[in-house]
file protein_22.csv (CSV, C-alpha atoms)
chain,number,residue,atom,x,y,z
D,1,ASP,CA,-60.0,-57.5,-57.4
D,2,ALA,CA,-61.6,-54.3,-56.1
D,3,PHE,CA,-65.1,-55.7,-56.9
D,4,GLU,CA,-64.3,-59.0,-55.2
D,5,ALA,CA,-63.0,-57.1,-52.1
D,6,ARG,CA,-66.1,-55.0,-51.9
D,7,ALA,CA,-68.5,-57.9,-52.6
D,8,THR,CA,-67.0,-60.4,-50.1
D,9,ALA,CA,-66.4,-58.0,-47.2
D,10,THR,CA,-68.0,-59.1,-43.9
D,11,MET,CA,-71.3,-57.4,-43.4
D,12,PRO,CA,-72.1,-56.4,-39.8
D,13,ALA,CA,-75.6,-56.1,-38.4
D,14,SER,CA,-77.2,-53.0,-39.9
D,15,THR,CA,-78.5,-49.8,-38.4
D,16,VAL,CA,-80.6,-47.1,-40.1
D,17,ASP,CA,-77.4,-45.2,-40.8
D,18,ASP,CA,-75.9,-48.2,-42.5
D,19,VAL,CA,-78.6,-48.5,-45.1
D,20,VAL,CA,-78.0,-46.7,-48.4
D,21,THR,CA,-81.0,-46.2,-50.7
D,22,VAL,CA,-79.9,-46.6,-54.3
D,23,LEU,CA,-82.1,-45.8,-57.3
D,24,ILE,CA,-81.4,-47.2,-60.7
D,25,THR,CA,-83.5,-45.7,-63.5
D,26,GLY,CA,-84.0,-47.6,-66.8
D,27,ALA,CA,-83.5,-50.6,-64.6
D,28,ALA,CA,-85.2,-53.1,-66.9
D,29,GLY,CA,-82.6,-52.5,-69.7
D,30,GLN,CA,-79.3,-54.1,-70.3
D,31,ILE,CA,-77.2,-51.9,-68.1
D,32,GLY,CA,-79.7,-52.0,-65.3
D,33,TYR,CA,-79.8,-55.8,-65.4
D,34,ALA,CA,-76.0,-55.9,-65.1
D,35,LEU,CA,-75.8,-53.1,-62.6
D,36,ALA,CA,-78.4,-54.2,-60.0
D,37,PRO,CA,-76.6,-57.3,-58.8
D,38,MET,CA,-73.3,-55.4,-58.6
D,39,VAL,CA,-74.9,-52.7,-56.4
D,40,CYS,CA,-76.5,-55.3,-54.2
D,41,ALA,CA,-73.2,-57.0,-53.8
D,42,GLY,CA,-71.7,-53.7,-52.4
D,43,ALA,CA,-69.6,-52.8,-55.5
D,44,ALA,CA,-70.8,-49.2,-55.5
D,45,THR,CA,-71.3,-48.4,-51.8
D,46,GLY,CA,-68.7,-50.7,-50.3
D,47,PRO,CA,-68.5,-52.9,-47.2
D,48,GLY,CA,-70.5,-52.1,-44.1
D,49,LYS,CA,-73.5,-50.8,-45.9
D,50,LYS,CA,-76.8,-52.4,-46.5
D,51,ILE,CA,-78.7,-51.6,-49.7
D,52,ALA,CA,-82.3,-50.6,-50.2
D,53,LEU,CA,-82.6,-50.9,-53.9
D,54,LYS,CA,-85.2,-49.0,-56.0
D,55,LEU,CA,-85.7,-49.9,-59.6
D,56,LEU,CA,-87.5,-47.4,-62.0
D,57,ASP,CA,-88.6,-47.8,-65.6
D,58,VAL,CA,-91.4,-46.9,-67.9
D,59,GLU,CA,-94.8,-48.5,-67.7
D,60,PHE,CA,-94.4,-50.8,-70.7
D,61,ALA,CA,-91.3,-52.3,-69.1
D,62,SER,CA,-93.0,-53.0,-65.8
D,63,GLU,CA,-93.2,-56.8,-66.3
D,64,ALA,CA,-89.5,-57.0,-67.2
D,65,LEU,CA,-88.8,-54.8,-64.2
D,66,ARG,CA,-90.8,-57.3,-62.0
D,67,GLY,CA,-88.6,-60.1,-63.4
D,68,VAL,CA,-85.4,-58.2,-62.5
D,69,LYS,CA,-86.8,-57.8,-58.9
D,70,MET,CA,-87.5,-61.6,-58.7
D,71,GLU,CA,-83.9,-62.4,-59.8
D,72,ILE,CA,-82.4,-60.0,-57.3
D,73,MET,CA,-84.5,-61.5,-54.6
D,74,ASP,CA,-83.4,-65.0,-55.7
D,75,CYS,CA,-79.7,-64.0,-55.4
D,76,ALA,CA,-80.3,-63.6,-51.7
D,77,PHE,CA,-77.6,-60.9,-51.4
D,78,ASP,CA,-76.5,-60.4,-47.7
D,79,ALA,CA,-76.3,-56.7,-48.2
D,80,CYS,CA,-79.7,-56.2,-49.8
D,81,VAL,CA,-82.4,-55.4,-47.3
D,82,SER,CA,-85.2,-54.5,-49.9
D,83,VAL,CA,-86.0,-54.3,-53.6
D,84,ASP,CA,-88.8,-52.2,-54.8
D,85,VAL,CA,-89.9,-51.5,-58.4
D,86,PHE,CA,-91.6,-48.3,-59.7
D,87,THR,CA,-93.0,-46.7,-62.8
D,88,ASP,CA,-93.8,-43.5,-60.9
D,89,CYS,CA,-90.7,-41.3,-60.8
D,90,GLU,CA,-91.6,-39.3,-57.7
D,91,LYS,CA,-92.3,-42.4,-55.6
D,92,ALA,CA,-89.1,-43.9,-56.8
D,93,CYS,CA,-87.0,-40.9,-55.8
D,94,GLU,CA,-88.4,-40.8,-52.2
D,95,GLY,CA,-85.5,-40.9,-49.7
D,96,VAL,CA,-82.8,-41.7,-52.3
D,97,ASP,CA,-79.1,-41.4,-51.3
D,98,VAL,CA,-77.5,-42.4,-54.6
D,99,ALA,CA,-79.3,-42.0,-58.0
D,100,ILE,CA,-77.9,-43.8,-61.0
D,101,MET,CA,-79.6,-42.4,-64.0
D,102,VAL,CA,-79.4,-45.1,-66.7
D,103,GLY,CA,-82.8,-44.4,-68.3
D,104,GLY,CA,-83.1,-42.2,-71.3
D,105,PHE,CA,-84.5,-42.1,-74.8
D,106,PRO,CA,-82.2,-44.0,-77.3
D,107,ARG,CA,-81.6,-42.7,-80.7
D,108,LYS,CA,-83.6,-44.7,-83.3
D,109,GLN,CA,-83.2,-45.1,-87.0
D,110,GLY,CA,-84.2,-42.0,-88.9
D,111,MET,CA,-84.1,-39.7,-85.8
D,112,GLU,CA,-82.2,-36.4,-85.9
D,113,ARG,CA,-79.9,-35.4,-83.1
D,114,LYS,CA,-82.3,-32.7,-82.0
D,115,ASP,CA,-85.2,-35.2,-81.8
D,116,VAL,CA,-83.2,-37.4,-79.4
D,117,LEU,CA,-82.2,-34.4,-77.3
D,118,GLY,CA,-85.8,-33.2,-77.1
D,119,LYS,CA,-86.9,-36.5,-75.7
D,120,ASN,CA,-84.1,-36.6,-73.2
D,121,VAL,CA,-84.6,-33.0,-72.1
D,122,ALA,CA,-88.2,-33.8,-71.2
D,123,ILE,CA,-87.2,-36.9,-69.3
D,124,TYR,CA,-84.4,-35.2,-67.3
D,125,LYS,CA,-86.4,-32.1,-66.5
D,126,GLN,CA,-89.1,-34.4,-64.9
D,127,GLN,CA,-86.6,-36.5,-63.1
D,128,ALA,CA,-84.8,-33.4,-61.8
D,129,SER,CA,-88.0,-32.2,-60.2
D,130,ALA,CA,-88.6,-35.5,-58.6
D,131,LEU,CA,-85.1,-35.8,-57.2
D,132,ALA,CA,-85.1,-32.2,-55.9
D,133,SER,CA,-88.4,-32.7,-54.1
D,134,LYS,CA,-88.2,-36.3,-52.9
D,135,ALA,CA,-84.6,-37.5,-52.7
D,136,LYS,CA,-82.2,-36.8,-49.7
D,137,LYS,CA,-80.9,-33.3,-49.8
D,138,ASP,CA,-77.3,-34.6,-50.3
D,139,VAL,CA,-78.2,-37.2,-52.9
D,140,LYS,CA,-75.3,-38.2,-55.2
D,141,ILE,CA,-76.4,-38.4,-58.8
D,142,VAL,CA,-74.5,-40.0,-61.7
D,143,VAL,CA,-76.0,-39.8,-65.2
D,144,VAL,CA,-75.2,-42.6,-67.5
D,145,ALA,CA,-77.8,-42.3,-70.3
D,146,ASN,CA,-76.6,-40.5,-73.4
D,147,PRO,CA,-76.0,-37.7,-74.1
D,148,ALA,CA,-74.8,-38.0,-70.5
D,149,ASN,CA,-73.0,-34.7,-70.1
D,150,THR,CA,-76.0,-32.7,-71.4
D,151,ASN,CA,-78.5,-34.8,-69.6
D,152,ALA,CA,-76.6,-34.0,-66.4
D,153,LYS,CA,-76.6,-30.3,-67.1
D,154,ILE,CA,-80.3,-30.3,-67.8
D,155,LEU,CA,-80.9,-32.2,-64.5
D,156,ALA,CA,-78.7,-29.7,-62.6
D,157,LYS,CA,-80.6,-26.8,-64.2
D,158,PHE,CA,-84.0,-28.0,-63.1
D,159,ALA,CA,-82.9,-29.2,-59.6
D,160,PRO,CA,-81.2,-26.0,-58.3
D,161,SER,CA,-81.7,-27.1,-54.7
D,162,ILE,CA,-79.4,-30.1,-55.2
D,163,PRO,CA,-75.7,-29.0,-54.7
D,164,ARG,CA,-74.0,-28.6,-58.1
D,165,GLY,CA,-71.2,-30.8,-56.9
D,166,ASN,CA,-73.7,-33.7,-56.4
D,167,VAL,CA,-74.6,-33.9,-60.1
D,168,THR,CA,-72.1,-35.8,-62.2
D,169,CYS,CA,-72.0,-37.9,-65.4
D,170,MET,CA,-70.1,-41.1,-66.0
D,171,THR,CA,-66.9,-41.0,-68.1
D,172,ARG,CA,-65.3,-43.7,-65.9
D,173,LEU,CA,-66.1,-46.3,-68.6
D,174,ASP,CA,-63.9,-44.3,-71.0
D,175,HIS,CA,-61.3,-43.9,-68.3
D,176,ASN,CA,-61.2,-47.7,-67.7
D,177,ARG,CA,-61.0,-48.3,-71.4
D,178,ALA,CA,-58.0,-46.1,-71.6
D,179,LEU,CA,-56.3,-47.9,-68.7
D,180,ALA,CA,-57.1,-51.3,-70.3
D,181,GLN,CA,-55.6,-50.3,-73.7
D,182,LEU,CA,-52.4,-49.0,-72.0
D,183,GLY,CA,-52.1,-52.2,-70.0
D,184,GLU,CA,-52.6,-54.4,-73.1
D,185,ARG,CA,-50.2,-52.4,-75.2
D,186,SER,CA,-47.4,-52.4,-72.5
D,187,GLY,CA,-48.0,-56.1,-71.5
D,188,LYS,CA,-48.7,-54.9,-67.9
D,189,ALA,CA,-51.6,-55.6,-65.6
D,190,THR,CA,-54.2,-52.8,-65.7
D,191,ILE,CA,-53.8,-52.2,-62.0
D,192,GLU,CA,-50.3,-50.9,-62.8
D,193,VAL,CA,-51.6,-48.2,-65.0
D,194,LYS,CA,-52.5,-44.9,-63.3
D,195,ASN,CA,-53.6,-41.4,-64.0
D,196,ALA,CA,-54.9,-41.5,-67.6
D,197,ILE,CA,-57.4,-38.7,-68.1
D,198,ILE,CA,-60.6,-38.4,-70.1
D,199,TRP,CA,-61.3,-34.7,-71.0
D,200,GLY,CA,-64.6,-33.5,-72.3
D,201,ASN,CA,-67.7,-35.1,-73.6
D,202,HIS,CA,-68.7,-38.7,-73.4
D,203,SER,CA,-68.7,-38.8,-77.2
D,204,SER,CA,-66.4,-39.2,-80.1
D,205,THR,CA,-64.8,-35.8,-79.3
D,206,GLN,CA,-63.6,-37.0,-75.8
D,207,TYR,CA,-59.8,-36.7,-75.4
D,208,PRO,CA,-58.1,-39.7,-73.8
D,209,ASP,CA,-54.9,-38.1,-72.4
D,210,VAL,CA,-51.8,-40.1,-71.5
D,211,ASN,CA,-49.4,-37.3,-70.9
D,212,HIS,CA,-49.6,-37.7,-67.1
D,213,ALA,CA,-50.3,-41.4,-67.0
D,214,THR,CA,-47.8,-43.9,-65.5
D,215,ILE,CA,-47.2,-47.6,-65.9
D,216,GLU,CA,-45.5,-49.3,-63.0
D,217,GLY,CA,-44.6,-45.8,-61.8
D,218,LYS,CA,-42.9,-44.8,-65.1
D,219,PRO,CA,-44.3,-42.3,-67.6
D,220,ALA,CA,-46.6,-44.1,-70.0
D,221,ARG,CA,-45.1,-42.5,-73.0
D,222,GLU,CA,-41.7,-43.8,-71.9
D,223,VAL,CA,-42.9,-47.3,-71.3
D,224,ILE,CA,-45.0,-47.5,-74.5
D,225,GLY,CA,-42.3,-45.8,-76.6
D,226,ASN,CA,-44.5,-45.0,-79.5
D,227,ASP,CA,-46.0,-41.5,-79.6
D,228,ALA,CA,-47.6,-42.1,-83.0
D,229,TYR,CA,-49.7,-44.9,-81.5
D,230,LEU,CA,-50.5,-42.9,-78.3
D,231,ASP,CA,-51.5,-39.8,-80.3
D,232,GLY,CA,-53.4,-41.8,-83.0
D,233,ASP,CA,-54.7,-45.3,-82.7
D,234,PHE,CA,-54.9,-45.3,-78.9
D,235,VAL,CA,-57.2,-42.2,-79.0
D,236,ASP,CA,-59.3,-43.7,-81.8
D,237,VAL,CA,-59.7,-47.1,-80.1
D,238,VAL,CA,-60.9,-45.5,-76.8
D,239,ARG,CA,-63.2,-43.2,-78.5
D,240,ALA,CA,-64.7,-45.9,-80.7
D,241,ARG,CA,-64.7,-48.8,-78.2
D,242,GLY,CA,-68.5,-48.7,-77.7
D,243,ALA,CA,-69.1,-49.0,-81.4
D,244,ALA,CA,-66.6,-51.9,-81.6
D,245,ILE,CA,-68.5,-53.7,-78.8
D,246,ILE,CA,-71.8,-53.2,-80.7
D,247,GLU,CA,-70.1,-54.6,-83.8
D,248,ALA,CA,-68.9,-57.7,-81.9
D,249,ARG,CA,-71.9,-58.4,-79.7
D,250,LYS,CA,-74.7,-56.7,-81.7
D,251,LEU,CA,-75.5,-55.1,-78.3
D,252,SER,CA,-74.2,-52.0,-76.6
D,253,SER,CA,-71.8,-52.1,-73.6
D,254,ALA,CA,-73.6,-53.2,-70.5
D,255,LEU,CA,-71.3,-55.2,-68.3
D,256,SER,CA,-68.4,-52.7,-68.6
D,257,ALA,CA,-70.8,-49.8,-68.2
D,258,ALA,CA,-72.3,-51.2,-65.0
D,259,SER,CA,-68.9,-52.0,-63.5
D,260,SER,CA,-67.7,-48.5,-64.3
D,261,VAL,CA,-70.8,-46.9,-62.6
D,262,CYS,CA,-69.8,-48.8,-59.5
D,263,ASP,CA,-66.3,-47.6,-59.7
D,264,HIS,CA,-67.5,-44.0,-60.1
D,265,VAL,CA,-69.8,-44.2,-57.1
D,266,TYR,CA,-67.4,-46.2,-54.9
D,267,ASP,CA,-64.5,-43.7,-55.4
D,268,TRP,CA,-66.8,-40.7,-54.9
D,269,ILE,CA,-68.0,-42.1,-51.6
D,270,HIS,CA,-64.8,-43.7,-50.3
D,271,GLY,CA,-62.1,-41.6,-51.9
D,272,THR,CA,-59.5,-42.1,-54.6
D,273,LYS,CA,-56.2,-43.7,-53.6
D,274,GLU,CA,-53.3,-41.4,-52.6
D,275,GLY,CA,-51.5,-40.1,-55.6
D,276,GLU,CA,-54.2,-41.3,-58.0
D,277,TRP,CA,-57.1,-39.7,-59.8
D,278,THR,CA,-60.0,-40.8,-61.9
D,279,SER,CA,-62.2,-39.1,-64.6
D,280,MET,CA,-65.6,-37.8,-63.9
D,281,GLY,CA,-68.0,-35.6,-65.7
D,282,VAL,CA,-68.6,-32.6,-63.4
D,283,ILE,CA,-69.8,-29.0,-63.6
D,284,SER,CA,-66.9,-26.9,-64.7
D,285,ASP,CA,-65.7,-24.1,-62.5
D,286,GLY,CA,-63.6,-22.7,-65.3
D,287,SER,CA,-60.5,-24.9,-64.6
D,288,TYR,CA,-58.2,-25.5,-67.6
D,289,GLY,CA,-60.1,-22.8,-69.6
D,290,VAL,CA,-63.2,-25.0,-69.8
D,291,PRO,CA,-66.3,-22.7,-69.9
D,292,GLU,CA,-67.9,-22.5,-66.5
D,293,GLY,CA,-71.2,-24.4,-66.1
D,294,LEU,CA,-70.5,-27.1,-68.8
D,295,VAL,CA,-70.6,-30.7,-67.5
D,296,TYR,CA,-67.2,-31.7,-68.7
D,297,SER,CA,-64.9,-34.7,-67.9
D,298,PHE,CA,-61.9,-33.7,-65.7
D,299,PRO,CA,-59.3,-35.6,-63.7
D,300,VAL,CA,-60.6,-35.6,-60.1
D,301,THR,CA,-59.6,-36.8,-56.7
D,302,CYS,CA,-62.3,-37.7,-54.1
D,303,THR,CA,-62.1,-37.3,-50.4
D,304,GLY,CA,-64.9,-37.2,-47.7
D,305,GLY,CA,-67.6,-37.9,-50.3
D,306,LYS,CA,-66.7,-34.9,-52.4
D,307,TRP,CA,-64.7,-34.6,-55.7
D,308,GLN,CA,-62.0,-32.0,-56.5
D,309,ILE,CA,-60.6,-31.2,-59.9
D,310,VAL,CA,-56.9,-31.9,-60.1
D,311,GLN,CA,-55.1,-28.6,-60.6
D,312,GLY,CA,-51.8,-27.6,-62.1
D,313,LEU,CA,-51.4,-30.2,-64.8
D,314,SER,CA,-49.4,-29.0,-67.9
D,315,ILE,CA,-51.4,-28.8,-71.1
D,316,ASP,CA,-49.6,-28.9,-74.4
D,317,GLU,CA,-50.8,-27.3,-77.6
D,318,ARG,CA,-52.2,-30.6,-79.0
D,319,SER,CA,-54.1,-31.3,-75.8
D,320,ARG,CA,-55.5,-27.8,-75.7
D,321,LYS,CA,-56.9,-28.1,-79.2
D,322,LEU,CA,-58.6,-31.4,-78.4
D,323,MET,CA,-60.0,-30.2,-75.1
D,324,ASP,CA,-61.4,-27.1,-76.8
D,325,GLU,CA,-63.0,-29.2,-79.6
D,326,SER,CA,-64.9,-31.3,-77.0
D,327,ALA,CA,-66.0,-28.1,-75.1
D,328,LYS,CA,-67.3,-26.6,-78.3
D,329,GLU,CA,-69.4,-29.7,-79.0
D,330,LEU,CA,-70.8,-29.6,-75.5
D,331,THR,CA,-71.7,-25.9,-75.8
D,332,GLU,CA,-73.5,-26.5,-79.1
D,333,GLU,CA,-75.2,-29.6,-77.7
D,334,PHE,CA,-76.6,-27.6,-74.7
D,335,GLU,CA,-77.7,-24.8,-76.9
D,336,LEU,CA,-79.7,-27.3,-79.0
D,337,ALA,CA,-81.2,-28.7,-75.7
D,338,GLU,CA,-82.2,-25.1,-74.7
D,339,GLN,CA,-83.9,-24.8,-78.1
D,340,CYS,CA,-85.8,-28.0,-77.4
D,341,LEU,CA,-86.9,-26.6,-74.0
D,342,ALA,CA,-88.1,-23.3,-75.5
D,343,GLU,CA,-90.1,-25.1,-78.2
D,344,SER,CA,-91.7,-27.4,-75.7
D,345,ALA,CA,-92.6,-24.6,-73.3
call {"tool": "encode", "arguments": {"input": "protein_22.csv", "output": "structure tokens"}}
result
Amino acid sequence: DAFEARATATMPASTVDDVVTVLITGAAGQIGYALAPMVCAGAATGPGKKIALKLLDVEFASEALRGVKMEIMDCAFDACVSVDVFTDCEKACEGVDVAIMVGGFPRKQGMERKDVLGKNVAIYKQQASALASKAKKDVKIVVVANPANTNAKILAKFAPSIPRGNVTCMTRLDHNRALAQLGERSGKATIEVKNAIIWGNHSSTQYPDVNHATIEGKPAREVIGNDAYLDGDFVDVVRARGAAIIEARKLSSALSAASSVCDHVYDWIHGTKEGEWTSMGVISDGSYGVPEGLVYSFPVTCTGGKWQIVQGLSIDERSRKLMDESAKELTEEFELAEQCLAESA
């Protein structure tokens, strides 16, 4: 419903201020292919804005990238004023308002975790430099490529001129998965499910928390009436949903990832609804005992184009343990990334 409302809103004549320049990296891939038309339909930036779309990918994907551009042009989106493709990162980042970082180095068979991190550290160090020097000073960045939290932290480290609050990573897909599971289990529409939380890393240590969630205004635990499920299978299903989709489709999540990126950006720009929050990977300020500086998923509200961590939520002993486990993994992951940086220096 939200996507349809954004996509079908009446589009007035544009001025320069109405044009939002959106960059999608890794744009020739599965997620990029699903994401580009959603962005051009206004699902990320909302009604009243025109889109200048920039698509970036590596040189060997340039022909596929050109094909994506042709298809976007052939869709004749009312909101899309231009589509440009790039294999040069600095040129792609010129004047960007919103950067959606889908591109990264995927883990291949036989590769160690450190090998993958090393590749991505190099990619995000370069892209950080390009965004810092070429993008708008208030550019909003959302990192999607895994390991998303650590990639975002690397980007923030090497783009110190970009406000820390403007570098985020996506855990909205996990958040939406949690809402969907609660809706399905309760037999209620997903729109009736509010305020689930994803704490931590976008990985198998993430903690999908229902302790503050509601279904039709009632506590989710009360509506579901099965704590064993909520503390067990529910957590496991949300954590492993990506793997389950690969098993079913033989391809990783693309459509749901693209839709969740749009939700992330839309709420960041236009604000969360009164009394509701969402989950975003943001740079920790020490809230809830999470080490300062980690890019960690928190419950956030958004107003005026800025996010704020929701404060004052009660954290029980089980939640504390799970939150700390994810923080520990993120700390170790970034230490490994730092080693990769040192070795490549």
call {"tool": "closest_residue", "arguments": {"input": "protein_22.csv", "among": "D:Phe60, D:Trp277, D:Tyr33, D:Phe334", "to": "Lys153 (chain D)", "atoms": "all atoms listed in the file"}}
result
D:Phe334
call {"tool": "residues_around", "arguments": {"input": "protein_22.csv", "residues": "region 306-309 of chain D", "least_positions_apart": "5", "cutoff": "8 Å", "atoms": "only C-alpha atoms", "output": "list in words"}}
result
Gly165, Trp268, Ile269, Ser287, Phe298, Pro299, Val300 and Thr301 of chain D
call {"tool": "closest_residue", "arguments": {"input": "protein_22.csv", "among": "D:Gly289, D:Gly271, D:Pro208, D:Gly118", "to": "Cys302 (chain D)", "atoms": "only C-alpha atoms"}}
result
D:Gly271
call {"tool": "residues_around", "arguments": {"input": "protein_22.csv", "residues": "region 46-59 of chain D", "least_positions_apart": "6", "cutoff": "6 Å", "atoms": "all atoms listed in the file", "output": "list of chain:residue names"}}
result
D:Arg6, D:Ala9, D:Met11, D:Asp18, D:Val19, D:Val20, D:Thr21, D:Val22, D:Leu23, D:Ile24, D:Thr25, D:Gly26, D:Ala27, D:Ala79, D:Cys80, D:Val81, D:Ser82, D:Val83, D:Asp84, D:Val85, D:Phe86, D:Thr87
call {"tool": "write_last_selection", "arguments": {"input": "protein_22.csv", "atoms": "C-alpha atoms", "output": "CSV table (one decimal), in the coordinates of the input"}}
result
chain,number,residue,atom,x,y,z
D,6,ARG,CA,-66.1,-55.0,-51.9
D,9,ALA,CA,-66.4,-58.0,-47.2
D,11,MET,CA,-71.3,-57.4,-43.4
D,18,ASP,CA,-75.9,-48.2,-42.5
D,19,VAL,CA,-78.6,-48.5,-45.1
D,20,VAL,CA,-78.0,-46.7,-48.4
D,21,THR,CA,-81.0,-46.2,-50.7
D,22,VAL,CA,-79.9,-46.6,-54.3
D,23,LEU,CA,-82.1,-45.8,-57.3
D,24,ILE,CA,-81.4,-47.2,-60.7
D,25,THR,CA,-83.5,-45.7,-63.5
D,26,GLY,CA,-84.0,-47.6,-66.8
D,27,ALA,CA,-83.5,-50.6,-64.6
D,79,ALA,CA,-76.3,-56.7,-48.2
D,80,CYS,CA,-79.7,-56.2,-49.8
D,81,VAL,CA,-82.4,-55.4,-47.3
D,82,SER,CA,-85.2,-54.5,-49.9
D,83,VAL,CA,-86.0,-54.3,-53.6
D,84,ASP,CA,-88.8,-52.2,-54.8
D,85,VAL,CA,-89.9,-51.5,-58.4
D,86,PHE,CA,-91.6,-48.3,-59.7
D,87,THR,CA,-93.0,-46.7,-62.8
call {"tool": "closest_residue", "arguments": {"input": "protein_22.csv", "among": "D:Ala178, D:Ile215, D:Ala257, D:Val282", "to": "Phe234 (chain D)", "atoms": "only C-alpha atoms"}}
result
D:Ala178
call {"tool": "residues_around", "arguments": {"input": "protein_22.csv", "residues": "Ala128 (chain D)", "least_positions_apart": "5", "cutoff": "9 Å", "atoms": "all atoms listed in the file", "output": "PyMOL selection string"}}
result
chain D and resi 123+133+154-160
